[in-house]
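Colleague: Can you read through this structure? Questions will come right after.
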Amino acid sequence: MCGRYTLRTELKLLAELYGFQPISLPWTPRYNIAPTQLVAAVRLSADASSRELDMLRWGLAPSWAKEIPKGRPMINARADTVAEKPTFRAAFKRRRCLILADGFYEWHQDEETKEPYYIRMRDERPFAMAGLWEHWDKGPQPLESATIITTAPNELMAKFHHRMPVILDPDLADVWLDPGIEEPEELLPLLKPYPEEQMEAYVVSARVNHVKDDSPQCIEPWKDGKAERTFDW
DNA sequence: CCAGACGTTGTT
DNA sequence: GTCTGG
DNA sequence: CCAGACGTTGTT
DNA sequence: GTCTGG
């Protein structure tokens with residue numbers, strides 16, 4: 001779940017909304033961010049005085065790993081076990097981040113079909129997903145990587161999956177980034193399903209299936225004959 | 001003591 | 001089927 | 001997450 | 001690195 005998403009909001013607007021220091025980096029709207037690619041992550045500066053935006057590899061590589069894990073990257077971490085699992089525990093305590101997005105894709109599967117849907121906020125605002133990051137230094141090239149935390153789905157998301165990404169409103173995001181907080185009892189309550197009333201889902205074309213297709217058409221409502229389908233079923 | 005795993009999703 | 005690449 | 005490859009020897 | 005299994 002949550003294995004593809006979008007970030008097409010202007011960098012300047014993201015900086016205003018999430019309060020990170022202005023930076024200049026190559027910025028293009030993304031309509032199809034896939035595992036192993038770079039994700040935009042908000043972290044606190046070393047002295048915790050300000051927020052910074054960095055691009056991290058999606059798929060967490062534990063610091064102790066001899067090699068960057070091949071095969072299925074660790075793109076998600078379960079909220080219910082993240083405080084205990086050796087792979088995530090240390091990052092959960094000290095290396096939390098916000099992964100910025102403005103929509104994501106889920107595939108709805110039945111007997112015959114598997115159709116991608118685009119899920120976003122009804123007001124189309126960007127949002128922050130709860131993430132963890134890690135620094136890996138066991139090879140010639142050091143790597144900073146990240147993973148997105150998942151939780152139980154709200155009713156809308158349950159139509160697709162039994163998990164959904166943790167989305168943090170600004171107040172909770174502040175807590176999530178606070179380096180003074182390390183106790184699971186304080187952090188785990190943040191990792192709840194997001195209110196479904198604020199979200200919407202509509203079917204899109206199969207373009208998104210192809211990682212190389214990073215075009216605006218990925219999020220265009222897909223017309224099935226006449227009516228575009230949303231969730232009225 | 002050392003060796004080997006360390007994850008999620010979905011599927012069985 | 002399973003693994004790798006994006 | 002999905003798509004695409006999945007192999008060797010020998011020759012160019 | 002840390003935990004589990006043997």
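By convention in this document, the chains of the structure tokens carry letters A, B, ... by their order, each chain's residues are numbered from 1, and ligands are numbered from 1 in the order they are shown.
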Show me a table, sorted first by chain and then by increasing residue number, of the residues of chain A having an atom at most 9 Å from chain C, each with its shortest atom pair and the distance in Å to one decimal, counting only C-alpha atoms (C1' of nucleotides) and written as CSV.
Modeller:
```
residue,atom,partner,partner_atom,distance
A:Ala34,CA,C:DG6,C1',6.6
A:Pro35,CA,C:DG6,C1',7.0
A:Thr36,CA,C:DG6,C1',6.6
A:Gln37,CA,C:DG6,C1',7.0
A:Lys70,CA,C:DT4,C1',7.4
A:Gly71,CA,C:DT4,C1',5.8
A:Arg72,CA,C:DT4,C1',8.6
A:Val211,CA,C:DG6,C1',6.0
A:Lys212,CA,C:DG6,C1',7.6
```
Colleague: Show me, as a list in words, the residues that have an atom within 12 Å of stretch 1-6 of chain B when counting only C-alpha atoms (C1' of nucleotides), minus same-chain residues fewer than 3 positions from it.
Modeller: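 Final neighbour list, sorted by chain and number: Ala61, Pro62, Ser63, Trp64, Ala65, Lys66, Pro69, Met74, Glu84, Lys85, Pro86, Thr87, Phe88 and Arg89 of chain A; DG1, DT2, DC3, DT4, DG5 and DG6 of chain E.
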Colleague: When you draw a straight line from atom CA of A:Trp58 to atom CA of A:His210, how long is it in Å?
Modeller: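 For atom CA of A:Trp58 relative to atom CA of A:His210, the distance reads 17.3 Å.
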Colleague: Once you count only C-alpha atoms (C1' of nucleotides), which residues of chain A turn out to be within 7 Å of chain D? Could you give them as a ChimeraX atom specification?
Modeller: /A:3-4,209-210
Colleague: Which distance in Å separates atom CA of A:Pro184 and atom CA of A:Ala91, to one decimal?
Modeller: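 About the pair atom CA of A:Pro184 and atom CA of A:Ala91: they are 12.0 Å apart.
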Colleague: Among stretch 8-167 of chain A, which residues carry a DSSP assignment of helix (DSSP H, G or I), reported as a PyMOL selection string?
Modeller: chain A and resi 11-18+89-94+157-159
Colleague: Produce a file of the selected residues containing N, CA, C and O atoms, as a compact mmCIF listing (two decimals), in the first residue's frame.
Modeller:
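Output (part-v2.txt):
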```txt
# COMPACT_ATOMS: atom_id res chain seq x y z
N LEU A 11 7.50 24.28 -5.06
CA LEU A 11 8.42 24.23 -3.93
C LEU A 11 8.20 25.40 -2.98
O LEU A 11 8.24 25.26 -1.76
N LYS A 12 7.95 26.56 -3.56
CA LYS A 12 7.77 27.76 -2.74
C LYS A 12 6.57 27.63 -1.81
O LYS A 12 6.64 27.99 -0.62
N LEU A 13 5.48 27.09 -2.34
CA LEU A 13 4.29 26.90 -1.52
C LEU A 13 4.53 25.87 -0.42
O LEU A 13 4.12 26.05 0.73
N LEU A 14 5.26 24.81 -0.77
CA LEU A 14 5.57 23.79 0.25
C LEU A 14 6.41 24.40 1.37
O LEU A 14 6.20 24.10 2.55
N ALA A 15 7.34 25.27 0.98
CA ALA A 15 8.20 25.92 1.99
C ALA A 15 7.36 26.77 2.94
O ALA A 15 7.59 26.78 4.15
N GLU A 16 6.35 27.45 2.38
CA GLU A 16 5.47 28.27 3.23
C GLU A 16 4.63 27.39 4.15
O GLU A 16 4.50 27.66 5.34
N LEU A 17 4.08 26.32 3.59
CA LEU A 17 3.17 25.47 4.37
C LEU A 17 3.91 24.70 5.46
O LEU A 17 3.38 24.52 6.55
N TYR A 18 5.11 24.25 5.15
CA TYR A 18 5.80 23.36 6.09
C TYR A 18 6.98 24.01 6.79
O TYR A 18 7.64 23.39 7.60
N ARG A 89 13.37 0.69 14.81
CA ARG A 89 13.34 1.20 16.18
C ARG A 89 14.19 2.45 16.41
O ARG A 89 13.72 3.45 16.96
N ALA A 90 15.44 2.40 15.96
CA ALA A 90 16.34 3.52 16.21
C ALA A 90 15.87 4.77 15.46
O ALA A 90 15.88 5.87 16.01
N ALA A 91 15.44 4.58 14.23
CA ALA A 91 14.94 5.71 13.44
C ALA A 91 13.67 6.27 14.06
O ALA A 91 13.44 7.47 14.05
N PHE A 92 12.85 5.39 14.61
CA PHE A 92 11.61 5.84 15.23
C PHE A 92 11.89 6.76 16.41
O PHE A 92 11.16 7.73 16.65
N LYS A 93 12.95 6.46 17.13
CA LYS A 93 13.31 7.30 18.28
C LYS A 93 13.88 8.64 17.87
O LYS A 93 13.56 9.67 18.46
N ARG A 94 14.75 8.64 16.88
CA ARG A 94 15.54 9.85 16.62
C ARG A 94 15.55 10.37 15.20
O ARG A 94 16.14 11.41 14.94
N MET A 157 -10.41 4.28 2.44
CA MET A 157 -9.21 3.54 2.09
C MET A 157 -9.40 2.03 2.23
O MET A 157 -8.73 1.25 1.56
N ALA A 158 -10.33 1.65 3.09
CA ALA A 158 -10.58 0.22 3.29
C ALA A 158 -11.15 -0.43 2.04
O ALA A 158 -11.10 -1.65 1.89
N LYS A 159 -11.68 0.40 1.11
CA LYS A 159 -12.17 -0.16 -0.15
C LYS A 159 -11.01 -0.69 -0.99
O LYS A 159 -11.21 -1.46 -1.91
```
Colleague: Which residues, written as a compact mmCIF listing (two decimals) with N, CA and C atoms, in the first residue's frame, have at least one atom at most 9 Å from A:Thr6, with only C-alpha atoms (C1' of nucleotides) counted and residues fewer than 5 positions away on the same chain left out?
Modeller:
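Okay, this is what ended up in part_38.txt:
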```txt
# COMPACT_ATOMS: atom_id res chain seq x y z
N PRO A 29 7.38 19.09 -11.13
CA PRO A 29 6.19 18.43 -10.61
C PRO A 29 6.28 16.93 -10.86
N ARG A 30 5.95 16.14 -9.83
CA ARG A 30 6.02 14.68 -9.99
C ARG A 30 4.63 14.08 -9.91
N TYR A 31 4.32 13.25 -10.89
CA TYR A 31 3.00 12.61 -10.97
C TYR A 31 3.08 11.12 -10.71
N ASN A 32 4.30 10.62 -10.54
CA ASN A 32 4.46 9.17 -10.42
C ASN A 32 5.77 8.86 -9.69
N ILE A 33 5.78 9.12 -8.40
CA ILE A 33 6.96 8.83 -7.60
C ILE A 33 6.92 7.36 -7.19
N LEU A 100 6.51 14.69 2.03
CA LEU A 100 5.49 15.57 1.45
C LEU A 100 4.87 14.95 0.20
N ALA A 101 3.55 15.12 0.09
CA ALA A 101 2.80 14.54 -1.03
C ALA A 101 1.57 15.40 -1.27
N ASP A 102 0.92 15.20 -2.42
CA ASP A 102 -0.38 15.81 -2.61
C ASP A 102 -1.40 14.84 -3.17
N GLY A 103 -1.03 13.57 -3.19
CA GLY A 103 -1.96 12.53 -3.60
C GLY A 103 -1.20 11.23 -3.70
N PHE A 104 -1.92 10.11 -3.72
CA PHE A 104 -1.25 8.82 -3.93
C PHE A 104 -2.18 7.88 -4.66
N TYR A 105 -1.62 6.79 -5.13
CA TYR A 105 -2.39 5.84 -5.94
C TYR A 105 -2.64 4.55 -5.16
N ILE A 219 -2.93 11.55 -13.44
CA ILE A 219 -3.97 11.86 -12.43
C ILE A 219 -5.28 12.33 -13.06
```
Colleague: One decimal, in Å: what's the spacing between atom CA of A:Leu177 and atom CA of A:Cys2?
Modeller: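 One can read the atom CA of A:Leu177 to atom CA of A:Cys2 distance as 21.4 Å.
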Colleague: What residues in stretch 58-162 of chain A get the DSSP label strand (DSSP E or B)? Please answer as JSON, numbers by chain.
Modeller: {"A": [58, 76, 77, 78, 96, 97, 98, 99, 100, 101, 103, 104, 105, 106, 107, 108, 109, 114, 115, 116, 117, 118, 119, 120, 121, 127, 128, 129, 130, 131, 132, 133, 134, 135, 136, 143, 144, 145, 146, 147, 148, 149, 150, 151]}
Colleague: With N, CA and C atoms kept, could you save the residues just selected as a compact mmCIF listing (two decimals), in the first residue's frame?
Modeller:
```txt
# COMPACT_ATOMS: atom_id res chain seq x y z
N TRP A 58 13.56 6.50 -1.51
CA TRP A 58 12.39 5.83 -0.95
C TRP A 58 12.66 4.34 -0.87
N ASN A 76 7.50 0.90 3.37
CA ASN A 76 6.51 1.13 4.43
C ASN A 76 6.97 0.50 5.73
N ALA A 77 6.48 1.05 6.83
CA ALA A 77 6.71 0.47 8.16
C ALA A 77 5.39 0.51 8.91
N ARG A 78 5.05 -0.58 9.54
CA ARG A 78 3.76 -0.66 10.24
C ARG A 78 3.81 0.12 11.54
N ARG A 96 12.83 10.86 12.72
CA ARG A 96 11.49 10.97 12.13
C ARG A 96 11.47 12.14 11.14
N CYS A 97 10.64 12.01 10.12
CA CYS A 97 10.54 13.07 9.11
C CYS A 97 9.13 13.14 8.56
N LEU A 98 8.89 14.18 7.79
CA LEU A 98 7.62 14.32 7.07
C LEU A 98 7.91 14.09 5.60
N ILE A 99 7.15 13.23 4.97
CA ILE A 99 7.31 13.01 3.55
C ILE A 99 6.15 13.71 2.85
N LEU A 100 6.51 14.69 2.03
CA LEU A 100 5.49 15.57 1.45
C LEU A 100 4.87 14.95 0.20
N ALA A 101 3.55 15.12 0.09
CA ALA A 101 2.80 14.54 -1.03
C ALA A 101 1.57 15.40 -1.27
N GLY A 103 -1.03 13.57 -3.19
CA GLY A 103 -1.96 12.53 -3.60
C GLY A 103 -1.20 11.23 -3.70
N PHE A 104 -1.92 10.11 -3.72
CA PHE A 104 -1.25 8.82 -3.93
C PHE A 104 -2.18 7.88 -4.66
N TYR A 105 -1.62 6.79 -5.13
CA TYR A 105 -2.39 5.84 -5.94
C TYR A 105 -2.64 4.55 -5.16
N GLU A 106 -3.81 4.00 -5.39
CA GLU A 106 -4.10 2.65 -4.90
C GLU A 106 -4.75 1.88 -6.04
N TRP A 107 -4.51 0.58 -6.08
CA TRP A 107 -5.08 -0.26 -7.13
C TRP A 107 -6.25 -1.04 -6.56
N HIS A 108 -7.38 -0.95 -7.24
CA HIS A 108 -8.55 -1.69 -6.80
C HIS A 108 -8.68 -2.94 -7.65
N GLN A 109 -8.70 -4.07 -6.98
CA GLN A 109 -8.67 -5.33 -7.69
C GLN A 109 -9.94 -6.11 -7.46
N LYS A 114 -7.89 -4.77 -12.43
CA LYS A 114 -7.05 -4.13 -11.43
C LYS A 114 -6.84 -2.70 -11.88
N GLU A 115 -7.59 -1.79 -11.27
CA GLU A 115 -7.60 -0.41 -11.75
C GLU A 115 -6.96 0.53 -10.74
N PRO A 116 -6.12 1.43 -11.25
CA PRO A 116 -5.53 2.42 -10.35
C PRO A 116 -6.50 3.57 -10.04
N TYR A 117 -6.50 4.01 -8.81
CA TYR A 117 -7.26 5.18 -8.37
C TYR A 117 -6.29 6.21 -7.83
N TYR A 118 -6.68 7.47 -8.00
CA TYR A 118 -5.90 8.54 -7.41
C TYR A 118 -6.64 9.04 -6.17
N ILE A 119 -5.92 9.17 -5.08
CA ILE A 119 -6.51 9.58 -3.80
C ILE A 119 -5.85 10.87 -3.36
N ARG A 120 -6.69 11.83 -2.98
CA ARG A 120 -6.14 13.13 -2.59
C ARG A 120 -7.09 13.79 -1.59
N MET A 121 -6.69 14.95 -1.10
CA MET A 121 -7.56 15.71 -0.23
C MET A 121 -8.64 16.39 -1.07
N PHE A 127 -0.12 17.33 1.70
CA PHE A 127 -0.17 16.80 3.07
C PHE A 127 1.18 16.18 3.43
N ALA A 128 1.32 15.90 4.71
CA ALA A 128 2.59 15.34 5.22
C ALA A 128 2.34 13.92 5.71
N MET A 129 3.11 12.99 5.18
CA MET A 129 3.03 11.62 5.66
C MET A 129 4.14 11.38 6.70
N ALA A 130 3.81 10.59 7.71
CA ALA A 130 4.80 10.29 8.75
C ALA A 130 5.86 9.36 8.18
N GLY A 131 7.11 9.75 8.32
CA GLY A 131 8.19 8.95 7.77
C GLY A 131 9.35 8.78 8.74
N LEU A 132 10.23 7.86 8.40
CA LEU A 132 11.48 7.65 9.12
C LEU A 132 12.60 7.72 8.10
N TRP A 133 13.77 8.16 8.56
CA TRP A 133 14.90 8.16 7.64
C TRP A 133 16.09 7.51 8.32
N GLU A 134 17.08 7.15 7.51
CA GLU A 134 18.25 6.46 8.03
C GLU A 134 19.45 6.85 7.19
N HIS A 135 20.60 6.90 7.84
CA HIS A 135 21.85 7.15 7.13
C HIS A 135 22.62 5.84 7.02
N TRP A 136 23.00 5.51 5.79
CA TRP A 136 23.71 4.27 5.54
C TRP A 136 25.09 4.60 4.98
N LEU A 143 24.28 6.80 1.78
CA LEU A 143 22.91 6.93 1.28
C LEU A 143 21.99 7.37 2.41
N GLU A 144 21.11 8.29 2.11
CA GLU A 144 20.05 8.63 3.05
C GLU A 144 18.74 8.15 2.45
N SER A 145 18.01 7.37 3.24
CA SER A 145 16.81 6.74 2.72
C SER A 145 15.67 6.93 3.70
N ALA A 146 14.47 6.63 3.23
CA ALA A 146 13.28 6.90 4.06
C ALA A 146 12.20 5.86 3.81
N THR A 147 11.27 5.78 4.77
CA THR A 147 10.13 4.89 4.64
C THR A 147 8.88 5.60 5.15
N ILE A 148 7.71 5.19 4.67
CA ILE A 148 6.43 5.81 5.04
C ILE A 148 5.69 4.88 6.00
N ILE A 149 5.20 5.44 7.08
CA ILE A 149 4.51 4.62 8.08
C ILE A 149 3.06 4.39 7.67
N THR A 150 2.59 3.17 7.86
CA THR A 150 1.20 2.83 7.54
C THR A 150 0.43 2.50 8.80
N THR A 151 -0.90 2.69 8.69
CA THR A 151 -1.78 2.39 9.82
C THR A 151 -3.06 1.75 9.29
```
